[in-house]
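Participant: Provided herewith: start-v2.cif, mmCIF, C-alpha atoms.
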```cif
data_data
#
loop_
_atom_site.label_atom_id
_atom_site.label_comp_id
_atom_site.auth_asym_id
_atom_site.auth_seq_id
_atom_site.Cartn_x
_atom_site.Cartn_y
_atom_site.Cartn_z
CA MET A 1 62.01 149.71 150.32
CA ASN A 2 58.72 148.86 151.98
CA PHE A 3 55.87 151.35 151.72
CA ASP A 4 56.33 153.18 155.03
CA THR A 5 60.05 153.62 154.37
CA SER A 6 59.40 154.85 150.84
CA CYS A 7 57.15 157.58 152.22
CA LEU A 8 60.25 158.98 153.93
CA HIS A 9 63.04 158.24 151.49
CA ALA A 10 61.80 157.61 147.94
CA GLY A 11 62.54 160.18 145.26
CA TYR A 12 65.39 161.99 147.00
CA ARG A 13 68.70 160.82 148.42
CA PRO A 14 71.03 163.59 149.62
CA GLY A 15 74.75 163.33 149.03
CA SER A 16 77.40 164.11 151.56
CA GLY A 17 76.83 167.55 153.06
CA GLU A 18 73.56 168.08 151.19
CA PRO A 19 70.19 168.95 152.78
CA ARG A 20 68.53 166.01 154.48
CA ASN A 21 65.07 167.26 153.47
CA ILE A 22 64.10 167.89 149.86
CA PRO A 23 65.26 171.48 149.23
CA ILE A 24 62.83 174.16 148.08
CA ILE A 25 64.15 175.46 144.76
CA GLN A 26 62.20 178.72 144.73
CA SER A 27 63.35 179.96 141.35
CA THR A 28 61.56 180.52 138.07
CA THR A 29 64.65 180.07 135.91
CA PHE A 30 67.95 178.20 135.74
CA ARG A 31 71.28 179.47 134.40
CA TYR A 32 73.49 177.81 131.75
CA GLU A 33 76.95 178.61 130.43
CA THR A 34 76.05 178.27 126.74
CA SER A 35 73.02 178.45 124.47
CA GLY A 36 73.86 174.97 123.24
CA GLU A 37 73.34 173.49 126.70
CA MET A 38 69.92 175.08 126.96
CA GLY A 39 69.07 174.13 123.39
CA ARG A 40 69.56 170.46 124.21
CA LEU A 41 66.99 170.82 126.98
CA PHE A 42 64.48 172.40 124.61
CA ASP A 43 65.09 169.55 122.15
CA LEU A 44 64.50 167.00 124.94
CA GLU A 45 68.02 165.71 124.24
CA ALA A 46 69.17 166.24 127.84
CA SER A 47 67.46 166.27 131.23
CA GLY A 48 67.56 169.36 133.37
CA TYR A 49 65.66 172.53 134.17
CA PHE A 50 65.22 175.82 132.40
CA TYR A 51 61.83 177.19 133.51
CA THR A 52 59.70 176.17 136.48
CA ARG A 53 56.48 176.34 134.47
CA LEU A 54 57.53 173.03 132.94
CA GLN A 55 59.63 171.37 135.65
CA ASN A 56 61.25 172.17 138.98
CA PRO A 57 63.65 170.01 141.05
CA THR A 58 61.48 170.20 144.19
CA SER A 59 58.35 169.14 142.33
CA ASP A 60 60.19 166.37 140.49
CA ALA A 61 61.59 164.89 143.71
CA VAL A 62 58.13 164.78 145.30
CA ALA A 63 56.60 163.37 142.10
CA ALA A 64 59.25 160.63 142.15
CA ARG A 65 58.29 159.79 145.73
CA LEU A 66 54.61 159.48 144.84
CA CYS A 67 55.52 157.47 141.74
CA ALA A 68 57.35 154.96 143.94
CA LEU A 69 54.40 154.72 146.32
CA GLU A 70 51.97 153.95 143.50
CA GLY A 71 54.40 151.60 141.76
CA GLY A 72 54.57 153.62 138.54
CA THR A 73 57.28 154.48 136.03
CA ALA A 74 56.79 158.27 135.75
CA ALA A 75 54.83 161.00 137.50
CA MET A 76 54.22 164.73 137.51
CA LEU A 77 52.79 167.26 139.95
CA LEU A 78 50.21 169.86 138.96
CA SER A 79 48.66 172.91 140.54
CA SER A 80 45.40 171.16 141.52
CA GLY A 81 43.46 167.93 141.36
CA GLN A 82 41.22 169.49 138.71
CA ALA A 83 44.29 170.13 136.56
CA ALA A 84 45.29 166.48 137.01
CA SER A 85 41.84 165.29 135.91
CA PHE A 86 41.94 167.56 132.86
CA PHE A 87 45.51 166.71 131.82
CA SER A 88 44.96 162.97 132.26
CA ILE A 89 42.21 163.04 129.61
CA PHE A 90 43.37 165.85 127.33
CA ASN A 91 46.80 164.25 127.00
CA ILE A 92 45.24 161.47 124.91
CA ALA A 93 41.93 162.91 123.67
CA SER A 94 40.90 165.87 121.56
CA ALA A 95 37.87 167.24 119.71
CA GLY A 96 35.84 164.41 118.21
CA ASP A 97 36.95 161.83 120.76
CA HIS A 98 34.92 160.02 123.41
CA ILE A 99 35.51 158.98 127.04
CA VAL A 100 33.58 156.56 129.26
CA SER A 101 33.36 157.57 132.92
CA SER A 102 31.76 156.30 136.08
CA THR A 103 28.84 158.44 137.26
CA ALA A 104 30.10 158.22 140.85
CA ILE A 105 32.79 160.91 140.71
CA TYR A 106 33.51 164.22 142.40
CA GLY A 107 31.08 166.96 141.35
CA GLY A 108 33.86 169.21 140.06
CA THR A 109 35.16 166.40 137.87
CA TYR A 110 31.68 165.72 136.54
CA ASN A 111 31.28 169.38 135.61
CA LEU A 112 34.71 169.41 133.96
CA PHE A 113 33.77 166.39 131.85
CA ALA A 114 30.08 166.99 131.14
CA VAL A 115 30.24 170.73 130.51
CA THR A 116 33.69 172.24 129.97
CA MET A 117 35.39 169.44 128.04
CA LYS A 118 32.18 168.85 126.11
CA ARG A 119 32.55 172.43 124.85
CA MET A 120 36.02 171.42 123.66
CA GLY A 121 34.47 168.68 121.52
CA ILE A 122 35.18 165.69 123.76
CA GLN A 123 32.07 163.62 124.49
CA PHE A 124 31.52 161.64 127.67
CA THR A 125 29.26 158.68 128.39
CA PHE A 126 28.58 158.15 132.10
CA VAL A 127 27.92 154.66 133.43
CA ASP A 128 26.78 153.36 136.79
CA PRO A 129 29.88 151.87 138.47
CA ASP A 130 27.72 148.93 139.55
CA CYS A 131 26.67 148.15 135.98
CA THR A 132 27.16 144.71 134.49
CA GLU A 133 30.14 143.97 132.29
CA ASP A 134 27.82 143.89 129.27
CA GLU A 135 26.38 147.31 130.13
CA LEU A 136 29.87 148.70 130.56
CA ASP A 137 30.94 147.20 127.23
CA GLU A 138 28.02 148.87 125.46
CA ALA A 139 29.18 152.33 126.55
CA PHE A 140 32.31 152.17 124.37
CA GLN A 141 32.46 153.66 120.89
CA PRO A 142 35.06 153.35 118.10
CA ASN A 143 36.47 156.76 119.11
CA THR A 144 36.66 156.03 122.87
CA LYS A 145 40.07 156.97 124.25
CA ALA A 146 39.87 156.13 127.98
CA LEU A 147 37.78 154.79 130.85
CA PHE A 148 37.68 156.83 134.08
CA GLY A 149 36.63 156.11 137.67
CA GLU A 150 37.39 156.85 141.34
CA THR A 151 38.69 154.21 143.76
CA ILE A 152 36.39 155.59 146.47
CA ALA A 153 33.93 158.06 145.01
CA ASN A 154 33.55 161.52 146.54
CA PRO A 155 31.07 161.79 148.29
CA ALA A 156 29.01 158.71 147.38
CA LEU A 157 31.76 156.40 148.78
CA THR A 158 31.15 153.93 145.97
CA VAL A 159 34.03 151.44 145.77
CA LEU A 160 35.10 150.90 142.17
CA ASP A 161 35.50 147.36 140.93
CA ILE A 162 38.88 148.17 139.40
CA GLU A 163 39.41 144.76 137.81
CA LYS A 164 36.03 144.89 136.05
CA PHE A 165 36.75 148.36 134.70
CA ALA A 166 40.29 147.37 133.67
CA ARG A 167 39.01 144.36 131.73
CA ALA A 168 36.54 146.53 129.84
CA ALA A 169 39.12 149.21 129.07
CA HIS A 170 41.73 146.77 127.80
CA ALA A 171 39.19 144.83 125.74
CA HIS A 172 38.61 148.07 123.83
CA GLY A 173 42.30 149.01 123.63
CA VAL A 174 42.14 152.03 125.96
CA PRO A 175 43.71 152.82 129.36
CA LEU A 176 41.87 152.84 132.67
CA ILE A 177 42.41 156.11 134.55
CA VAL A 178 41.65 155.93 138.29
CA ASP A 179 41.38 158.85 140.71
CA ASN A 180 42.94 157.43 143.88
CA THR A 181 42.51 160.54 146.04
CA PHE A 182 40.38 159.11 148.84
CA ALA A 183 42.23 155.80 149.12
CA THR A 184 45.80 157.01 148.56
CA PRO A 185 48.44 154.36 147.85
CA ALA A 186 48.47 153.63 151.59
CA LEU A 187 45.10 151.88 151.21
CA CYS A 188 44.97 150.87 147.53
CA ARG A 189 47.42 150.73 144.63
CA PRO A 190 45.20 150.61 141.52
CA PHE A 191 48.04 149.51 139.23
CA GLU A 192 48.07 146.17 141.05
CA TRP A 193 44.46 145.64 139.92
CA GLY A 194 44.92 146.60 136.27
CA ALA A 195 44.66 150.41 136.19
CA ASP A 196 47.01 152.22 133.79
CA ILE A 197 47.01 155.83 134.98
CA VAL A 198 46.41 157.11 138.52
CA ILE A 199 45.60 160.69 139.43
CA HIS A 200 45.30 162.50 142.76
CA SER A 201 44.05 165.65 144.27
CA THR A 202 47.11 165.89 146.52
CA THR A 203 45.24 168.65 148.39
CA LYS A 204 43.54 165.90 150.38
CA TYR A 205 45.12 163.04 152.35
CA LEU A 206 48.51 163.16 150.63
CA ASP A 207 49.09 166.70 151.91
CA GLY A 208 47.05 165.92 155.00
CA HIS A 209 46.95 169.35 156.59
CA ALA A 210 44.88 171.53 154.22
CA ALA A 211 48.02 173.54 153.56
CA ALA A 212 48.53 173.37 149.79
CA VAL A 213 46.34 172.80 146.74
CA GLY A 214 47.86 170.35 144.29
CA GLY A 215 47.41 167.44 141.92
CA ALA A 216 49.41 164.56 140.48
CA ILE A 217 49.40 162.05 137.63
CA VAL A 218 51.25 158.73 137.79
CA ASP A 219 51.77 156.39 134.82
CA SER A 220 52.02 152.65 135.37
CA GLY A 221 54.12 152.28 132.24
CA ARG A 222 52.09 149.20 131.31
CA PHE A 223 49.74 150.46 128.62
CA ASP A 224 51.13 149.76 125.16
CA TRP A 225 50.50 153.01 123.27
CA GLU A 226 52.31 151.72 120.18
CA ALA A 227 50.00 148.70 119.93
CA HIS A 228 47.11 151.14 119.63
CA GLY A 229 48.98 153.83 117.75
CA ASP A 230 46.02 154.73 115.55
CA LYS A 231 44.11 155.79 118.66
CA TYR A 232 46.95 157.83 120.15
CA PRO A 233 48.75 159.71 117.36
CA GLY A 234 49.78 162.40 119.84
CA LEU A 235 52.07 159.87 121.47
CA THR A 236 53.04 157.68 118.51
CA THR A 237 53.58 160.21 115.69
CA PRO A 238 55.85 163.28 115.50
CA ASP A 239 54.85 166.31 117.58
CA ASP A 240 55.28 169.29 115.27
CA SER A 241 55.05 171.66 118.24
CA TYR A 242 58.13 170.06 119.81
CA HIS A 243 60.68 169.61 117.03
CA GLY A 244 58.98 166.53 115.63
CA VAL A 245 59.67 164.30 118.61
CA THR A 246 57.73 161.01 118.77
CA TYR A 247 57.21 160.42 122.47
CA THR A 248 56.89 156.64 122.42
CA GLU A 249 60.04 156.26 120.34
CA LYS A 250 62.15 158.61 122.43
CA PHE A 251 60.84 157.93 125.94
CA GLY A 252 59.41 154.44 125.68
CA GLN A 253 56.22 152.93 127.01
CA GLY A 254 57.05 153.98 130.57
CA GLY A 255 57.89 157.62 129.90
CA ALA A 256 55.95 158.79 126.83
CA TYR A 257 52.67 159.74 128.53
CA ILE A 258 54.14 161.88 131.32
CA THR A 259 56.78 163.45 129.07
CA LYS A 260 54.10 164.56 126.61
CA ALA A 261 51.91 165.94 129.40
CA THR A 262 54.88 167.89 130.76
CA ALA A 263 56.50 169.09 127.53
CA GLN A 264 53.27 169.91 125.71
CA LEU A 265 50.35 170.47 128.11
CA MET A 266 52.25 172.04 130.99
CA ARG A 267 54.02 174.26 128.47
CA ASP A 268 50.71 175.46 127.04
CA PHE A 269 48.40 175.49 130.08
CA GLY A 270 50.89 176.28 132.83
CA SER A 271 49.13 174.39 135.64
CA THR A 272 52.33 174.45 137.65
CA PRO A 273 52.60 173.79 141.40
CA ALA A 274 54.59 176.27 143.42
CA PRO A 275 57.82 174.71 144.74
CA MET A 276 56.72 175.55 148.28
CA ASN A 277 53.46 173.64 147.74
CA ALA A 278 55.38 170.67 146.37
CA TRP A 279 57.62 170.74 149.43
CA LEU A 280 54.61 170.81 151.77
CA LEU A 281 53.21 167.81 149.91
CA GLY A 282 56.49 165.94 150.34
CA MET A 283 56.43 166.60 154.08
CA GLY A 284 52.82 165.44 154.30
CA ILE A 285 53.57 162.18 152.51
CA GLU A 286 56.17 161.32 155.17
CA THR A 287 53.41 160.67 157.73
CA LEU A 288 50.83 159.25 155.30
CA PRO A 289 50.75 155.66 156.67
CA LEU A 290 50.33 156.83 160.26
CA ARG A 291 47.63 159.33 159.40
CA MET A 292 45.63 156.99 157.17
CA ALA A 293 45.55 154.32 159.88
CA ARG A 294 44.12 156.85 162.35
CA HIS A 295 41.66 158.30 159.83
CA CYS A 296 40.34 154.81 159.09
CA SER A 297 40.01 153.72 162.70
CA ASN A 298 38.29 156.97 163.67
CA ALA A 299 35.92 156.77 160.68
CA GLN A 300 35.04 153.18 161.50
CA GLY A 301 34.15 154.23 165.05
CA VAL A 302 32.08 157.19 163.85
CA ALA A 303 30.24 155.05 161.29
CA GLU A 304 29.40 152.41 163.88
CA TYR A 305 28.12 155.10 166.26
CA LEU A 306 25.99 156.79 163.60
CA GLN A 307 24.55 153.48 162.45
CA LYS A 308 22.98 152.99 165.87
CA HIS A 309 21.71 156.56 166.37
CA GLU A 310 17.93 157.02 166.27
CA LYS A 311 18.17 160.34 164.41
CA VAL A 312 20.32 158.98 161.59
CA ALA A 313 18.37 157.68 158.58
CA TRP A 314 21.22 155.83 156.89
CA VAL A 315 25.01 155.48 156.90
CA ARG A 316 27.34 154.75 154.00
CA TYR A 317 30.80 153.46 154.86
CA ALA A 318 32.31 150.44 153.17
CA GLY A 319 33.90 149.26 156.41
CA LEU A 320 30.47 148.46 157.88
CA PRO A 321 29.31 144.84 157.48
CA GLY A 322 26.19 144.93 155.35
CA ASP A 323 27.29 148.01 153.40
CA LYS A 324 26.72 147.64 149.67
CA TYR A 325 30.47 147.87 149.02
CA TYR A 326 31.71 145.90 152.02
CA GLU A 327 32.94 142.92 149.98
CA LEU A 328 34.62 145.10 147.34
CA ALA A 329 36.30 147.04 150.16
CA ARG A 330 37.61 143.82 151.69
CA LYS A 331 39.17 143.04 148.30
CA TYR A 332 40.57 146.43 147.30
CA LEU A 333 40.84 148.23 150.67
CA PRO A 334 41.84 145.65 153.28
CA GLN A 335 43.76 148.27 155.30
CA GLY A 336 40.74 150.56 155.68
CA CYS A 337 38.16 152.59 153.78
CA CYS A 338 39.48 156.15 154.28
CA GLY A 339 38.21 158.70 156.78
CA VAL A 340 35.06 159.91 155.05
CA VAL A 341 31.61 158.80 156.22
CA SER A 342 28.40 159.78 154.39
CA PHE A 343 25.03 159.68 156.14
CA GLY A 344 21.56 161.17 156.22
CA VAL A 345 19.83 162.87 159.13
CA LYS A 346 16.17 162.05 159.66
CA GLY A 347 14.13 165.08 158.64
CA GLY A 348 15.91 165.65 155.34
CA ARG A 349 17.84 168.71 154.21
CA ALA A 350 16.52 171.03 156.93
CA ALA A 351 17.51 168.61 159.68
CA ALA A 352 20.93 168.11 158.07
CA GLU A 353 21.50 171.85 158.07
CA ARG A 354 20.50 172.13 161.74
CA PHE A 355 22.82 169.27 162.61
CA MET A 356 25.75 170.85 160.82
CA ALA A 357 25.13 174.23 162.44
CA GLY A 358 25.23 172.54 165.84
CA LEU A 359 28.68 171.01 165.43
CA LYS A 360 31.36 172.65 167.56
CA LEU A 361 34.49 170.61 166.84
CA ALA A 362 33.89 169.79 163.17
CA SER A 363 34.06 172.71 160.72
CA ILE A 364 31.67 173.32 157.84
CA ALA A 365 34.13 173.52 154.96
CA THR A 366 34.40 172.68 151.29
CA HIS A 367 37.53 170.73 152.10
CA VAL A 368 37.78 167.05 152.93
CA ALA A 369 40.41 164.54 154.00
CA ASP A 370 42.80 166.40 156.25
CA ALA A 371 43.89 166.28 159.88
CA LYS A 372 40.91 168.26 161.23
CA THR A 373 37.34 167.01 161.00
CA CYS A 374 35.11 168.87 158.57
CA VAL A 375 31.58 168.45 157.26
CA LEU A 376 29.71 169.45 154.10
CA HIS A 377 26.28 169.17 152.50
CA PRO A 378 27.37 168.33 148.91
CA ALA A 379 23.98 168.94 147.24
CA SER A 380 24.23 172.57 148.37
CA ALA A 381 27.95 172.97 147.69
CA THR A 382 30.31 170.82 145.61
CA HIS A 383 27.50 169.20 143.61
CA ARG A 384 25.05 172.11 143.44
CA GLN A 385 25.48 172.40 139.66
CA MET A 386 23.80 169.00 139.22
CA ASN A 387 20.08 168.47 138.78
CA ASP A 388 18.18 165.86 140.82
CA ALA A 389 18.70 163.11 138.24
CA GLU A 390 22.43 163.80 138.02
CA LEU A 391 22.69 163.88 141.82
CA ALA A 392 20.95 160.51 142.02
CA ALA A 393 23.27 159.03 139.38
CA ALA A 394 26.28 160.29 141.32
CA GLY A 395 24.95 158.72 144.52
CA VAL A 396 24.38 162.07 146.21
CA ALA A 397 21.09 162.14 148.10
CA PRO A 398 19.56 165.53 148.99
CA ASP A 399 20.06 164.77 152.69
CA LEU A 400 23.61 163.40 152.33
CA VAL A 401 26.08 164.78 154.86
CA ARG A 402 29.76 164.21 154.07
CA PHE A 403 31.63 163.86 157.35
CA SER A 404 35.41 163.87 156.93
CA VAL A 405 36.78 162.34 160.10
CA GLY A 406 40.05 163.85 161.27
CA LEU A 407 42.76 162.81 163.68
CA GLU A 408 41.08 164.03 166.87
CA ASP A 409 40.32 161.70 169.77
CA LEU A 410 37.38 159.51 168.80
CA LYS A 411 35.61 160.22 172.11
CA ASP A 412 35.63 163.95 171.34
CA LEU A 413 34.30 163.38 167.83
CA ILE A 414 31.42 161.24 169.07
CA ALA A 415 30.60 163.77 171.81
CA ASP A 416 30.37 166.50 169.17
CA LEU A 417 28.12 164.36 166.99
CA GLU A 418 25.93 163.51 169.96
CA GLN A 419 25.22 167.09 170.97
CA ALA A 420 24.67 168.24 167.37
CA LEU A 421 22.25 165.40 166.61
CA GLU A 422 20.24 166.27 169.70
CA GLU A 423 19.65 169.74 168.21
CA ALA A 424 18.83 168.46 164.70
#
```
Write out the structure in this file as structure tokens.
Facilitator:
Amino acid sequence: MNFDTSCLHAGYRPGSGEPRNIPIIQSTTFRYETSGEMGRLFDLEASGYFYTRLQNPTSDAVAARLCALEGGTAAMLLSSGQAASFFSIFNIASAGDHIVSSTAIYGGTYNLFAVTMKRMGIQFTFVDPDCTEDELDEAFQPNTKALFGETIANPALTVLDIEKFARAAHAHGVPLIVDNTFATPALCRPFEWGADIVIHSTTKYLDGHAAAVGGAIVDSGRFDWEAHGDKYPGLTTPDDSYHGVTYTEKFGQGGAYITKATAQLMRDFGSTPAPMNAWLLGMGIETLPLRMARHCSNAQGVAEYLQKHEKVAWVRYAGLPGDKYYELARKYLPQGCCGVVSFGVKGGRAAAERFMAGLKLASIATHVADAKTCVLHPASATHRQMNDAELAAAGVAPDLVRFSVGLEDLKDLIADLEQALEEA
């Protein structure tokens, strides 16, 4: 099926007389006739469900839909995008290991990596996404387990050169993990450019309506874990916590990573999405192509308007000719550059705060990337844990305003911007 059709039909095909929509299986547990039947599930000898903390039919159907959209071999849903970021790394790294990451990432992800996972003994080296290939190469260490970046960074709107990062990762025998939240598979499919693992905060465009927090991980099935078995013993040697199963032997290159994350990490950390949230995500995905087209066209119009306004100091949007990432966006994001525009108001932080207070249609909210327009000052909110140097490295200026353009009429959005800028 083509992409738009897959958004509606992938992952679930009802039989005769069955529900046309993915059903909500709102149950914690599942009944079996014999202990032997359930035992085979616990031994990973049969597929099925026994406890929703690990797997649920609603979540699995929606995960299968997203897997098809990204072009992967296996996928899982989680309770949040933060859980997806954590699982994607912790599934293949532990105390004493090292990860290389782009500096231009979401502030919550940076804090997870630089503070919380550092306390767990995993070290991170952060590199400028615009670094040379030699500089990127120098960041790797013998114990490096992965390379991480965001397709479109939140909120810096840096466009990742996925092919450059993939070459570096594979030269060092590690996978490239890409957070594709802002682009979604409607605008970019990182696997086609060499990425190995894709993650999402499904809370954003995939859900589309600010209705349900969630996350997802999709495996391309292309990274050869066995070829680098010394780096990934958790996948290539017996798991004593799960009856001695060796994931690569039992589930193959295309299923080992997600099966381990489900059977081991979800079992122990319980970052489980509610079936209702999974169902809401599935409904949101059905309109993803339509919504992303409108988000992109509205954002392009807003960016062009702001670029010409006398009270706007600068505008960052990769769809603008002359933007630093315009050429990369033409390569990786030919369908559009998402609905988020970052800009600065002349007069600095105080002027930015006055501008935001003057908005009547757009809401000041920590959220981003849904149907309604919202605005945030990241240095005071999502990135407030960073010092000035860290903010600069992440591409977050003190005066940066993140404007998440919704699905409203473009004329109304520009009218709201106009009146608010007059008061700034």
Participant: For the contact check between range 142-228 of chain A and range 62-73 of chain A, emit one row per residue of range 142-228 of chain A within 9 Å, containing the shortest atom pair and the distance in Å rounded to one decimal, counting only C-alpha atoms, chain then rising number order, as a Markdown table.
Facilitator:
```
| residue | atom | partner | partner_atom | distance |
| --- | --- | --- | --- | --- |
| A:Thr184 | CA | A:Glu70 | CA | 8.5 |
| A:Pro185 | CA | A:Glu70 | CA | 5.6 |
| A:Ala186 | CA | A:Leu69 | CA | 8.0 |
| A:Cys188 | CA | A:Glu70 | CA | 8.6 |
| A:Arg189 | CA | A:Glu70 | CA | 5.7 |
| A:Pro190 | CA | A:Glu70 | CA | 7.8 |
| A:Phe191 | CA | A:Gly71 | CA | 7.2 |
| A:Glu192 | CA | A:Gly71 | CA | 8.4 |
| A:Ile197 | CA | A:Gly72 | CA | 8.6 |
| A:Val198 | CA | A:Glu70 | CA | 8.1 |
| A:Ala216 | CA | A:Ala63 | CA | 7.5 |
| A:Ile217 | CA | A:Ala63 | CA | 8.6 |
| A:Val218 | CA | A:Cys67 | CA | 6.0 |
| A:Asp219 | CA | A:Gly72 | CA | 5.4 |
| A:Ser220 | CA | A:Gly72 | CA | 4.2 |
| A:Gly221 | CA | A:Thr73 | CA | 5.4 |
| A:Arg222 | CA | A:Thr73 | CA | 8.8 |
```
Participant: Rounded to one decimal, what separation in Å do you get between CA of Pro289 in chain A and CA of Cys7 in chain A?
Facilitator: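 If I compute the distance from CA of Pro289 in chain A to CA of Cys7 in chain A, I get 8.0 Å.
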Participant: Would you kindly return, as a list in words, each protein, DNA or RNA residue with an atom no farther than 7 Å from any atom of Asp161 in chain A, considering only C-alpha atoms and excluding same-chain residues fewer than 3 positions away?
Facilitator: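 Near neighbours after the sequence-gap exclusion: Lys164, Phe165 and Leu328 of chain A.
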Participant: Using all atoms listed in the file, which protein or nucleic acid residues come within 7 Å of range 404-406 of chain A? Drop anything in the same chain fewer than 5 positions from it, and give the result as a ChimeraX atom specification.
Facilitator: /A:295,298-299,339-341,368-375
Participant: Fewer than 3 positions away in the same chain doesn't count, so skip those; otherwise give me all residues within 12 Å of Lys324 in chain A, counting only C-alpha atoms, as a list in words.
Facilitator: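 In the requested form, the answer reads Asp130, Ala156, Leu157, Thr158, Val159, Leu160, Val315, Arg316, Tyr317, Ala318, Gly319, Leu320, Pro321, Glu327, Leu328, Ala329 and Arg330 of chain A.
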Participant: Could those residues be written to a file, using C-alpha atoms, as a CSV table (one decimal), keeping the file's coordinate frame?
Facilitator:
```csv
chain,number,residue,atom,x,y,z
A,130,ASP,CA,27.7,148.9,139.6
A,156,ALA,CA,29.0,158.7,147.4
A,157,LEU,CA,31.8,156.4,148.8
A,158,THR,CA,31.2,153.9,146.0
A,159,VAL,CA,34.0,151.4,145.8
A,160,LEU,CA,35.1,150.9,142.2
A,315,VAL,CA,25.0,155.5,156.9
A,316,ARG,CA,27.3,154.8,154.0
A,317,TYR,CA,30.8,153.5,154.9
A,318,ALA,CA,32.3,150.4,153.2
A,319,GLY,CA,33.9,149.3,156.4
A,320,LEU,CA,30.5,148.5,157.9
A,321,PRO,CA,29.3,144.8,157.5
A,327,GLU,CA,32.9,142.9,150.0
A,328,LEU,CA,34.6,145.1,147.3
A,329,ALA,CA,36.3,147.0,150.2
A,330,ARG,CA,37.6,143.8,151.7
```
Participant: If we count all atoms listed in the file and set the cut-off at 10 Å, which residues sit around Gly244 in chain A, ignoring sequence neighbours fewer than 6 positions away in its own chain? Please answer as a list in words.
Facilitator: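 Close residues of Gly244 in chain A: Asp43, Thr237 and Pro238 of chain A.
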Participant: Please compute the CA of Ala83 in chain A-CA of Leu333 in chain A distance, one decimal, in Å.
Facilitator: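 One can read the CA of Ala83 in chain A to CA of Leu333 in chain A distance as 26.3 Å.
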Participant: Let me know the residues the PyMOL selection byres ((chain A and resi 145) around 8) catches in the file above, as a ChimeraX atom specification.
Facilitator: /A:92-93,97-99,143-144,146-147,174-175,231
Participant: Which residues fall under the PyMOL selection byres ((chain A and resi 390) around 12) in this file, as JSON, numbers by chain?
Facilitator: {"A": [103, 104, 105, 106, 107, 110, 111, 114, 126, 127, 128, 379, 383, 384, 385, 386, 387, 388, 389, 391, 392, 393, 394, 395, 396, 397, 398]}
Participant: Hey, what's within 8 Å of Gly344 in chain A if we count only C-alpha atoms and toss same-chain stuff fewer than 2 positions away? As a list in words, please?
Facilitator: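 With the cut-off at 8 Å, the set is Val312, Ala313, Trp314, Val315, Ser342, Lys346, Gly348, Ala352, Asp399, Leu400 and Val401 of chain A.
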Participant: Let's have the selection written as a PDB file, keeping the file's coordinate frame, with C-alpha atoms.
Facilitator:
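What ended up in out_6.pdb:
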```pdb
ATOM      1  CA  VAL A 312      20.320 158.980 161.590  1.00  0.00           C
ATOM      2  CA  ALA A 313      18.370 157.680 158.580  1.00  0.00           C
ATOM      3  CA  TRP A 314      21.220 155.830 156.890  1.00  0.00           C
ATOM      4  CA  VAL A 315      25.010 155.480 156.900  1.00  0.00           C
ATOM      5  CA  SER A 342      28.400 159.780 154.390  1.00  0.00           C
ATOM      6  CA  LYS A 346      16.170 162.050 159.660  1.00  0.00           C
ATOM      7  CA  GLY A 348      15.910 165.650 155.340  1.00  0.00           C
ATOM      8  CA  ALA A 352      20.930 168.110 158.070  1.00  0.00           C
ATOM      9  CA  ASP A 399      20.060 164.770 152.690  1.00  0.00           C
ATOM     10  CA  LEU A 400      23.610 163.400 152.330  1.00  0.00           C
ATOM     11  CA  VAL A 401      26.080 164.780 154.860  1.00  0.00           C
TER      12      VAL A 401
END
```
Participant: List the residues matched by the PyMOL selection byres ((chain A and resi 275) around 8) in the displayed structure as a list in words, ordered by chain and then by residue number.
Facilitator: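 Output from the PyMOL selection byres ((chain A and resi 275) around 8), applied to this file: Ile24, Ile25, Gln26, Asn56, Thr58, Ser59, Pro273, Ala274, Met276, Asn277, Ala278 and Trp279 of chain A.
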Participant: Counting all atoms listed in the file, which residues of range 210-285 of chain A fall within 6 Å of range 200-204 of chain A, and what is the closest atom pair for each with its distance in Å at one decimal, ordered by chain and rising number, as CSV?
Facilitator:
```
residue,atom,partner,partner_atom,distance
A:Ala212,CA,A:Thr203,CA,5.9
A:Val213,CA,A:Thr203,CA,4.6
A:Gly214,CA,A:Thr202,CA,5.0
A:Gly215,CA,A:Ser201,CA,4.5
A:Ala216,CA,A:His200,CA,5.1
```
Participant: Using Å and a single decimal, report how far CA of Trp193 in chain A sits from CA of Phe148 in chain A.
Facilitator: 14.3 Å
Participant: Looking at all atoms listed in the file, which of A:Tyr247, A:Tyr32, A:Tyr205, A:Phe355 is the one that sits closest to Arg294 in chain A?
Facilitator: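 The closest residue to Arg294 in chain A is A:Tyr205.
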Participant: For a quick check of understanding, using only C-alpha atoms, which of A:Met76, A:Ala46, A:Ile22, A:Ala195 has the smallest distance to Ser271 in chain A?
Facilitator: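 Among the listed residues, A:Met76 lies closest to Ser271 in chain A.
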Participant: For the point (52.1, 159.6, 117.2) in the file's frame, write as a list in words all residues with an atom no more than 12 Å away, counting all atoms listed in the file.
Facilitator: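 Applying the cut-off with all atoms listed in the file, one gets Ile92, Trp225, Glu226, Ala227, His228, Gly229, Asp230, Lys231, Tyr232, Pro233, Gly234, Leu235, Thr236, Thr237, Pro238, Asp239, Asp240, Gly244, Val245, Thr246, Tyr247, Thr248, Glu249, Lys250, Ala256, Tyr257 and Lys260 of chain A.
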Participant: Restricting the calculation to all atoms listed in the file: of A:Ile364, A:Ile258, A:Leu290, A:Ala424, which residue gets closest to Glu310 in chain A?
Facilitator: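 So, comparing all the options, the nearest one is A:Ala424.
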